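**Student:** This is protein04.txt, which holds compact mmCIF, N, CA and C atoms:
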# COMPACT_ATOMS: atom_id res chain seq x y z
N MET A 105 -283.49 33.78 -60.85
CA MET A 105 -284.20 34.40 -59.77
C MET A 105 -284.87 33.31 -58.93
N THR A 106 -284.67 33.31 -57.62
CA THR A 106 -285.28 32.32 -56.74
C THR A 106 -286.66 32.78 -56.32
N PRO A 107 -287.53 31.84 -55.91
CA PRO A 107 -288.85 32.26 -55.46
C PRO A 107 -288.79 33.27 -54.34
N SER A 108 -287.84 33.15 -53.41
CA SER A 108 -287.80 34.09 -52.30
C SER A 108 -287.33 35.47 -52.72
N SER A 109 -286.63 35.58 -53.84
CA SER A 109 -286.17 36.91 -54.25
C SER A 109 -287.29 37.71 -54.91
N THR A 110 -288.43 37.08 -55.20
CA THR A 110 -289.54 37.79 -55.81
C THR A 110 -290.53 38.29 -54.79
N SER A 111 -290.36 37.92 -53.52
CA SER A 111 -291.31 38.31 -52.49
C SER A 111 -291.27 39.81 -52.25
N LYS A 112 -292.44 40.42 -52.12
CA LYS A 112 -292.51 41.85 -51.85
C LYS A 112 -293.13 42.13 -50.50
N ALA A 113 -293.36 41.10 -49.71
CA ALA A 113 -293.96 41.29 -48.40
C ALA A 113 -292.97 41.98 -47.48
N SER A 114 -293.52 42.71 -46.52
CA SER A 114 -292.64 43.37 -45.57
C SER A 114 -292.18 42.38 -44.52
N PRO A 115 -291.04 42.65 -43.91
CA PRO A 115 -290.52 41.72 -42.91
C PRO A 115 -291.47 41.60 -41.72
N SER A 116 -291.50 40.41 -41.13
CA SER A 116 -292.27 40.21 -39.91
C SER A 116 -291.44 40.73 -38.74
N PRO A 117 -292.02 40.78 -37.54
CA PRO A 117 -291.26 41.27 -36.38
C PRO A 117 -289.96 40.51 -36.14
N ASN A 118 -289.90 39.21 -36.53
CA ASN A 118 -288.66 38.46 -36.30
C ASN A 118 -287.71 38.57 -37.48
N GLY A 119 -288.06 39.38 -38.48
CA GLY A 119 -287.16 39.62 -39.59
C GLY A 119 -287.42 38.77 -40.81
N ALA A 120 -288.18 37.68 -40.69
CA ALA A 120 -288.46 36.82 -41.85
C ALA A 120 -289.50 37.49 -42.74
N ARG A 121 -289.31 37.35 -44.04
CA ARG A 121 -290.26 37.92 -44.99
C ARG A 121 -291.41 36.95 -45.22
N GLY A 122 -292.51 37.46 -45.76
CA GLY A 122 -293.67 36.63 -46.06
C GLY A 122 -293.42 35.79 -47.29
N ASP A 123 -292.58 34.79 -47.17
CA ASP A 123 -292.14 33.96 -48.28
C ASP A 123 -292.32 32.51 -47.90
N LEU A 124 -293.30 31.83 -48.50
CA LEU A 124 -293.59 30.46 -48.13
C LEU A 124 -292.42 29.50 -48.34
N PHE A 125 -291.44 29.91 -49.12
CA PHE A 125 -290.27 29.06 -49.35
C PHE A 125 -289.26 29.16 -48.21
N ASP A 126 -289.42 30.15 -47.36
CA ASP A 126 -288.53 30.36 -46.22
C ASP A 126 -289.12 29.65 -45.00
N PRO A 127 -288.39 28.72 -44.38
CA PRO A 127 -288.93 28.03 -43.19
C PRO A 127 -289.33 28.97 -42.07
N GLN A 128 -288.81 30.18 -42.05
CA GLN A 128 -289.17 31.14 -41.00
C GLN A 128 -290.35 32.03 -41.38
N CYS A 129 -290.92 31.83 -42.56
CA CYS A 129 -292.06 32.62 -43.00
C CYS A 129 -293.20 32.47 -41.98
N PRO A 130 -293.78 33.57 -41.51
CA PRO A 130 -294.88 33.46 -40.54
C PRO A 130 -296.07 32.66 -41.07
N THR A 131 -296.40 32.81 -42.33
CA THR A 131 -297.52 32.06 -42.89
C THR A 131 -297.22 30.57 -42.88
N ARG A 132 -296.03 30.21 -43.31
CA ARG A 132 -295.64 28.80 -43.34
C ARG A 132 -295.64 28.21 -41.94
N ARG A 133 -295.11 28.95 -40.98
CA ARG A 133 -295.06 28.46 -39.60
C ARG A 133 -296.46 28.29 -39.05
N LEU A 134 -297.36 29.21 -39.37
CA LEU A 134 -298.74 29.10 -38.90
C LEU A 134 -299.44 27.90 -39.54
N LEU A 135 -299.27 27.73 -40.85
CA LEU A 135 -299.91 26.59 -41.53
C LEU A 135 -299.38 25.27 -40.99
N ASP A 136 -298.12 25.22 -40.61
CA ASP A 136 -297.57 24.01 -40.00
C ASP A 136 -298.30 23.69 -38.70
N ARG A 137 -298.77 24.71 -38.00
CA ARG A 137 -299.43 24.51 -36.71
C ARG A 137 -300.93 24.29 -36.83
N ILE A 138 -301.59 24.99 -37.74
CA ILE A 138 -303.06 24.94 -37.77
C ILE A 138 -303.62 24.28 -39.01
N GLY A 139 -302.76 23.76 -39.87
CA GLY A 139 -303.21 23.26 -41.17
C GLY A 139 -303.77 21.86 -41.17
N THR A 140 -304.35 21.40 -40.08
CA THR A 140 -304.94 20.06 -40.06
C THR A 140 -306.45 20.16 -39.93
N LYS A 141 -307.14 19.13 -40.37
CA LYS A 141 -308.60 19.11 -40.26
C LYS A 141 -309.02 19.14 -38.80
N TRP A 142 -308.25 18.49 -37.92
CA TRP A 142 -308.64 18.43 -36.52
C TRP A 142 -308.53 19.80 -35.86
N THR A 143 -307.51 20.55 -36.19
CA THR A 143 -307.38 21.89 -35.62
C THR A 143 -308.52 22.77 -36.08
N SER A 144 -308.83 22.71 -37.35
CA SER A 144 -309.93 23.50 -37.89
C SER A 144 -311.25 23.13 -37.22
N MET A 145 -311.49 21.83 -37.04
CA MET A 145 -312.72 21.39 -36.38
C MET A 145 -312.77 21.85 -34.92
N ALA A 146 -311.67 21.71 -34.21
CA ALA A 146 -311.64 22.11 -32.81
C ALA A 146 -311.92 23.60 -32.67
N VAL A 147 -311.30 24.41 -33.52
CA VAL A 147 -311.53 25.86 -33.46
C VAL A 147 -313.00 26.15 -33.76
N LYS A 148 -313.57 25.49 -34.74
CA LYS A 148 -314.98 25.71 -35.08
C LYS A 148 -315.89 25.36 -33.92
N VAL A 149 -315.70 24.20 -33.31
CA VAL A 149 -316.54 23.78 -32.19
C VAL A 149 -316.41 24.76 -31.03
N LEU A 150 -315.18 25.14 -30.72
CA LEU A 150 -314.96 26.06 -29.60
C LEU A 150 -315.50 27.45 -29.90
N ALA A 151 -315.39 27.89 -31.16
CA ALA A 151 -315.92 29.20 -31.54
C ALA A 151 -317.45 29.22 -31.44
N GLU A 152 -318.10 28.12 -31.86
CA GLU A 152 -319.55 28.04 -31.75
C GLU A 152 -320.01 28.08 -30.30
N ALA A 153 -319.21 27.55 -29.39
CA ALA A 153 -319.57 27.51 -27.98
C ALA A 153 -319.21 28.81 -27.26
N SER A 154 -318.33 29.60 -27.83
CA SER A 154 -317.81 30.80 -27.17
C SER A 154 -318.94 31.74 -26.77
N PRO A 155 -318.87 32.31 -25.60
CA PRO A 155 -317.76 32.31 -24.64
C PRO A 155 -317.78 31.15 -23.66
N GLN A 156 -318.69 30.21 -23.83
CA GLN A 156 -318.76 29.05 -22.94
C GLN A 156 -317.57 28.11 -23.17
N GLU A 157 -317.30 27.31 -22.16
CA GLU A 157 -316.26 26.29 -22.25
C GLU A 157 -316.89 24.98 -22.73
N VAL A 158 -316.05 24.10 -23.24
CA VAL A 158 -316.51 22.79 -23.71
C VAL A 158 -315.63 21.72 -23.05
N ARG A 159 -316.29 20.70 -22.50
CA ARG A 159 -315.53 19.61 -21.89
C ARG A 159 -314.89 18.75 -22.97
N PHE A 160 -313.81 18.08 -22.60
CA PHE A 160 -313.05 17.24 -23.52
C PHE A 160 -313.96 16.22 -24.20
N ALA A 161 -314.77 15.51 -23.43
CA ALA A 161 -315.63 14.47 -24.00
C ALA A 161 -316.63 15.06 -24.99
N GLU A 162 -317.13 16.25 -24.71
CA GLU A 162 -318.07 16.90 -25.62
C GLU A 162 -317.37 17.31 -26.92
N LEU A 163 -316.15 17.79 -26.82
CA LEU A 163 -315.37 18.10 -28.02
C LEU A 163 -315.20 16.85 -28.86
N GLN A 164 -314.85 15.76 -28.22
CA GLN A 164 -314.65 14.51 -28.96
C GLN A 164 -315.95 14.05 -29.62
N ARG A 165 -317.07 14.22 -28.94
CA ARG A 165 -318.36 13.83 -29.50
C ARG A 165 -318.71 14.67 -30.72
N ARG A 166 -318.36 15.96 -30.68
CA ARG A 166 -318.68 16.88 -31.79
C ARG A 166 -317.70 16.79 -32.95
N MET A 167 -316.65 16.00 -32.80
CA MET A 167 -315.63 15.86 -33.85
C MET A 167 -315.54 14.40 -34.26
N PRO A 168 -316.51 13.91 -35.02
CA PRO A 168 -316.54 12.49 -35.37
C PRO A 168 -315.24 12.03 -36.02
N GLY A 169 -314.76 10.88 -35.56
CA GLY A 169 -313.57 10.28 -36.16
C GLY A 169 -312.28 10.60 -35.43
N ILE A 170 -312.29 11.57 -34.54
CA ILE A 170 -311.04 11.92 -33.85
C ILE A 170 -310.83 10.98 -32.65
N SER A 171 -309.61 10.52 -32.51
CA SER A 171 -309.29 9.67 -31.36
C SER A 171 -309.02 10.55 -30.15
N GLN A 172 -309.09 9.94 -28.98
CA GLN A 172 -308.80 10.67 -27.75
C GLN A 172 -307.37 11.21 -27.79
N LYS A 173 -306.45 10.38 -28.27
CA LYS A 173 -305.03 10.78 -28.34
C LYS A 173 -304.84 11.97 -29.30
N MET A 174 -305.48 11.93 -30.47
CA MET A 174 -305.34 13.02 -31.43
C MET A 174 -305.99 14.30 -30.92
N LEU A 175 -307.14 14.19 -30.27
CA LEU A 175 -307.78 15.38 -29.72
C LEU A 175 -306.90 15.98 -28.63
N SER A 176 -306.34 15.14 -27.79
CA SER A 176 -305.46 15.64 -26.73
C SER A 176 -304.25 16.36 -27.33
N ALA A 177 -303.62 15.78 -28.34
CA ALA A 177 -302.45 16.40 -28.98
C ALA A 177 -302.85 17.71 -29.66
N THR A 178 -304.01 17.73 -30.32
CA THR A 178 -304.47 18.94 -31.00
C THR A 178 -304.70 20.06 -30.00
N LEU A 179 -305.38 19.74 -28.90
CA LEU A 179 -305.66 20.76 -27.88
C LEU A 179 -304.39 21.24 -27.18
N GLN A 180 -303.45 20.33 -26.95
CA GLN A 180 -302.17 20.73 -26.35
C GLN A 180 -301.43 21.70 -27.26
N GLY A 181 -301.43 21.40 -28.56
CA GLY A 181 -300.77 22.30 -29.50
C GLY A 181 -301.43 23.67 -29.55
N LEU A 182 -302.75 23.68 -29.59
CA LEU A 182 -303.48 24.96 -29.62
C LEU A 182 -303.26 25.74 -28.33
N ALA A 183 -303.23 25.04 -27.20
CA ALA A 183 -302.98 25.71 -25.92
C ALA A 183 -301.55 26.25 -25.88
N GLY A 184 -300.60 25.47 -26.36
CA GLY A 184 -299.21 25.92 -26.39
C GLY A 184 -299.01 27.15 -27.25
N ASP A 185 -299.83 27.29 -28.29
CA ASP A 185 -299.75 28.46 -29.17
C ASP A 185 -300.58 29.63 -28.67
N GLY A 186 -301.22 29.47 -27.52
CA GLY A 186 -302.01 30.56 -26.95
C GLY A 186 -303.37 30.74 -27.59
N LEU A 187 -303.85 29.73 -28.32
CA LEU A 187 -305.13 29.84 -29.02
C LEU A 187 -306.29 29.25 -28.22
N VAL A 188 -305.97 28.34 -27.30
CA VAL A 188 -306.98 27.66 -26.48
C VAL A 188 -306.57 27.75 -25.02
N GLY A 189 -307.57 28.01 -24.16
CA GLY A 189 -307.37 27.97 -22.73
C GLY A 189 -307.91 26.67 -22.17
N ARG A 190 -307.32 26.19 -21.11
CA ARG A 190 -307.69 24.91 -20.49
C ARG A 190 -307.91 25.13 -19.01
N ARG A 191 -309.00 24.55 -18.50
CA ARG A 191 -309.30 24.65 -17.07
C ARG A 191 -309.64 23.26 -16.56
N VAL A 192 -309.04 22.89 -15.42
CA VAL A 192 -309.26 21.57 -14.83
C VAL A 192 -309.96 21.74 -13.50
N GLU A 193 -311.08 21.01 -13.32
CA GLU A 193 -311.76 20.95 -12.03
C GLU A 193 -311.23 19.74 -11.29
N ALA A 194 -310.83 19.94 -10.06
CA ALA A 194 -310.24 18.87 -9.26
C ALA A 194 -311.33 17.96 -8.71
N THR A 195 -311.96 17.22 -9.60
CA THR A 195 -312.96 16.23 -9.21
C THR A 195 -312.39 14.85 -9.55
N VAL A 196 -313.13 13.81 -9.17
CA VAL A 196 -312.70 12.46 -9.53
C VAL A 196 -313.79 11.86 -10.40
N PRO A 197 -313.52 11.59 -11.68
CA PRO A 197 -312.31 11.97 -12.42
C PRO A 197 -312.29 13.48 -12.67
N PRO A 198 -311.13 14.03 -12.98
CA PRO A 198 -311.05 15.48 -13.22
C PRO A 198 -311.91 15.88 -14.42
N ARG A 199 -312.52 17.03 -14.33
CA ARG A 199 -313.26 17.60 -15.46
C ARG A 199 -312.36 18.64 -16.11
N VAL A 200 -312.16 18.48 -17.42
CA VAL A 200 -311.28 19.39 -18.16
C VAL A 200 -312.11 20.16 -19.16
N TYR A 201 -311.98 21.47 -19.14
CA TYR A 201 -312.75 22.36 -20.00
C TYR A 201 -311.81 23.16 -20.90
N TYR A 202 -312.29 23.44 -22.11
CA TYR A 202 -311.50 24.20 -23.08
C TYR A 202 -312.33 25.35 -23.62
N ARG A 203 -311.65 26.41 -24.00
CA ARG A 203 -312.28 27.56 -24.65
C ARG A 203 -311.25 28.24 -25.52
N LEU A 204 -311.72 28.97 -26.52
CA LEU A 204 -310.79 29.76 -27.33
C LEU A 204 -310.37 30.98 -26.54
N THR A 205 -309.12 31.34 -26.65
CA THR A 205 -308.64 32.60 -26.08
C THR A 205 -309.06 33.73 -27.03
N PRO A 206 -308.90 34.98 -26.63
CA PRO A 206 -309.17 36.07 -27.57
C PRO A 206 -308.37 35.93 -28.87
N LEU A 207 -307.11 35.48 -28.78
CA LEU A 207 -306.31 35.25 -29.99
C LEU A 207 -306.92 34.12 -30.82
N GLY A 208 -307.33 33.05 -30.16
CA GLY A 208 -307.95 31.93 -30.86
C GLY A 208 -309.23 32.32 -31.57
N LEU A 209 -310.00 33.20 -30.96
CA LEU A 209 -311.24 33.67 -31.60
C LEU A 209 -310.95 34.38 -32.91
N THR A 210 -309.81 35.06 -33.02
CA THR A 210 -309.49 35.76 -34.27
C THR A 210 -309.17 34.78 -35.40
N LEU A 211 -308.89 33.53 -35.07
CA LEU A 211 -308.59 32.52 -36.08
C LEU A 211 -309.86 31.98 -36.74
N GLU A 212 -311.00 32.10 -36.10
CA GLU A 212 -312.24 31.55 -36.63
C GLU A 212 -312.62 32.18 -37.97
N GLU A 213 -312.46 33.46 -38.13
CA GLU A 213 -312.87 34.12 -39.38
C GLU A 213 -312.09 33.60 -40.60
N PRO A 214 -310.76 33.56 -40.56
CA PRO A 214 -310.06 33.02 -41.74
C PRO A 214 -310.35 31.54 -41.98
N LEU A 215 -310.54 30.76 -40.92
CA LEU A 215 -310.88 29.35 -41.12
C LEU A 215 -312.29 29.21 -41.70
N ALA A 216 -313.21 30.09 -41.30
CA ALA A 216 -314.56 30.07 -41.88
C ALA A 216 -314.50 30.42 -43.36
N ALA A 217 -313.64 31.35 -43.73
CA ALA A 217 -313.48 31.70 -45.15
C ALA A 217 -312.95 30.51 -45.94
N LEU A 218 -312.05 29.76 -45.36
CA LEU A 218 -311.52 28.56 -46.02
C LEU A 218 -312.61 27.50 -46.18
N ARG A 219 -313.43 27.32 -45.15
CA ARG A 219 -314.55 26.37 -45.25
C ARG A 219 -315.52 26.80 -46.33
N GLU A 220 -315.81 28.10 -46.41
CA GLU A 220 -316.71 28.62 -47.44
C GLU A 220 -316.14 28.36 -48.83
N TRP A 221 -314.84 28.60 -49.01
CA TRP A 221 -314.21 28.34 -50.30
C TRP A 221 -314.36 26.86 -50.66
N ALA A 222 -314.12 25.99 -49.69
CA ALA A 222 -314.22 24.54 -49.94
C ALA A 222 -315.64 24.16 -50.35
N GLU A 223 -316.63 24.73 -49.68
CA GLU A 223 -318.02 24.41 -50.03
C GLU A 223 -318.35 24.84 -51.45
N LYS A 224 -317.79 25.95 -51.88
CA LYS A 224 -318.05 26.46 -53.23
C LYS A 224 -317.27 25.71 -54.30
N HIS A 225 -316.07 25.24 -54.00
CA HIS A 225 -315.16 24.78 -55.05
C HIS A 225 -314.73 23.32 -54.97
N MET A 226 -315.07 22.59 -53.91
CA MET A 226 -314.56 21.21 -53.82
C MET A 226 -315.11 20.31 -54.90
N ALA A 227 -316.33 20.55 -55.39
CA ALA A 227 -316.84 19.74 -56.49
C ALA A 227 -315.95 19.89 -57.73
N GLU A 228 -315.49 21.11 -57.98
CA GLU A 228 -314.59 21.35 -59.12
C GLU A 228 -313.25 20.67 -58.90
N VAL A 229 -312.74 20.76 -57.69
CA VAL A 229 -311.46 20.14 -57.36
C VAL A 229 -311.58 18.62 -57.50
N ASP A 230 -312.67 18.06 -56.99
CA ASP A 230 -312.88 16.62 -57.10
C ASP A 230 -312.99 16.18 -58.55
N SER A 231 -313.70 16.96 -59.38
CA SER A 231 -313.82 16.64 -60.82
C SER A 231 -312.46 16.66 -61.50
N ALA A 232 -311.69 17.67 -61.21
CA ALA A 232 -310.35 17.76 -61.80
C ALA A 232 -309.49 16.58 -61.36
N ARG A 233 -309.60 16.18 -60.11
CA ARG A 233 -308.83 15.04 -59.60
C ARG A 233 -309.24 13.76 -60.31
N ARG A 234 -310.55 13.56 -60.51
CA ARG A 234 -311.03 12.37 -61.23
C ARG A 234 -310.52 12.36 -62.67
N ARG A 235 -310.60 13.52 -63.34
CA ARG A 235 -310.11 13.60 -64.73
C ARG A 235 -308.62 13.30 -64.78
N SER A 236 -307.88 13.82 -63.87
CA SER A 236 -306.44 13.58 -63.82
C SER A 236 -306.14 12.10 -63.61
N ALA A 237 -306.88 11.45 -62.73
CA ALA A 237 -306.68 10.02 -62.47
C ALA A 237 -307.05 9.21 -63.71
N GLU A 238 -308.13 9.60 -64.39
CA GLU A 238 -308.55 8.90 -65.61
C GLU A 238 -307.50 9.07 -66.71
N ASP A 239 -306.98 10.29 -66.86
CA ASP A 239 -305.94 10.54 -67.86
C ASP A 239 -304.69 9.71 -67.56
N ALA A 240 -304.33 9.63 -66.30
CA ALA A 240 -303.14 8.88 -65.92
C ALA A 240 -303.30 7.38 -66.18
N SER A 241 -304.52 6.89 -65.94
CA SER A 241 -304.73 5.45 -66.14
C SER A 241 -304.89 5.07 -67.61
N SER A 242 -305.27 6.04 -68.45
CA SER A 242 -305.44 5.72 -69.87
C SER A 242 -304.20 6.07 -70.69
N GLY A 243 -303.24 6.71 -70.09
CA GLY A 243 -302.09 7.14 -70.88
C GLY A 243 -300.89 6.48 -70.48
Please express what this file holds, its structure, as structure tokens.
**Tutor:**
Amino acid sequence: MTPSSTSKASPSPNGARGDLFDPQCPTRRLLDRIGTKWTSMAVKVLAEASPQEVRFAELQRRMPGISQKMLSATLQGLAGDGLVGRRVEATVPPRVYYRLTPLGLTLEEPLAALREWAEKHMAEVDSARRRSAEDASSG
């Protein structure tokens, strides 16, 4: 029996079942798009500002460690997926503003649940990782 033959999820609108082993699985496709720390941070910052817009430089300031290039790529991906809206003011230099779309706002709740899980359980995960590394080095 293959992992995909055990799936009981109903088909998605495009016909793919909810099976993480299937490249067409909606969950897998979504995680491929939003499964980075930068995407999660950008959604959080934009959700906190909602319904207001946030300028590019302010987003970068609120996301320590992100490069201008990575922030630009992250925002382009989110905009391409319909999760973020972008507005440009024709000034010199141009002012670029971002906001979550209504669809993007619906992503904040599941990402907040993931952050909550991490806050509750990362100490356990880190302990297990340390024990595993110690076992590997002593064996």
**Student:** Quick one: which range 126-146 of chain A residues come within 9 Å of range 157-171 of chain A, and what is the nearest atom pair for each with the distance in Å to one decimal, counting only C-alpha atoms, rows ordered by chain and ascending number, as CSV?
**Tutor:**
residue,atom,partner,partner_atom,distance
A:Trp142,CA,A:Ile170,CA,7.4
A:Met145,CA,A:Met167,CA,6.7
A:Ala146,CA,A:Leu163,CA,7.3
**Student:** List every residue of range 129-206 of chain A that DSSP, applied to the backbone of this structure, assigns to strand (DSSP E or B), and report them as a list in words.
**Tutor:** Val158, Arg159, Val188, Gly189, Arg190, Arg191, Val192, Glu193, Arg199, Val200, Tyr201, Tyr202, Arg203 and Leu204 of chain A
**Student:** Compile a residue-level contact table for range 152-196 of chain A against range 132-140 of chain A at a cut-off of 9 Å, reporting for every qualifying residue the shortest atom pair and its distance in Å to one decimal, with only C-alpha atoms counted, rows ordered by chain and ascending number, as a tab-separated table.
**Tutor:**
residue	atom	partner	partner_atom	distance
A:Gly181	CA	A:Arg137	CA	7.7
A:Leu182	CA	A:Ile138	CA	8.2
A:Asp185	CA	A:Arg137	CA	8.5
**Student:** From the list A:Ser236, A:Thr205, A:Ser231, A:Ser154, which residue is nearest Val188 in chain A when using all atoms listed in the file?
**Tutor:**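 With all atoms listed in the file as the atom set, the closest residue is A:Thr205.
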**Student:** Go ahead and compute the interatomic distance for atom N of Gly186 in chain A and atom N of Trp221 in chain A, in Å to one decimal.
**Tutor:**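 Taking atom N of Gly186 in chain A as the start and atom N of Trp221 in chain A as the end point, the length is 25.5 Å.
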**Student:** Using DSSP assignments from the backbone, pull out every residue in chain A that falls under helix (DSSP H, G or I) and give it to me as a PyMOL selection string.
**Tutor:** chain A and resi 107-110+130-138+141-153+160-166+172-184+206-242
**Student:** To one decimal place, how far is CA of Ala217 in chain A from atom C of Thr131 in chain A in Å?
**Tutor:**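 Atom C of Thr131 in chain A lies at a distance of 16.5 Å from CA of Ala217 in chain A.
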**Student:** Quick one: pull the distance between atom N of Ala183 in chain A and atom C of Arg203 in chain A, Å, one decimal.
**Tutor:**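 Atom-to-atom, atom N of Ala183 in chain A and atom C of Arg203 in chain A are spaced 8.8 Å apart.
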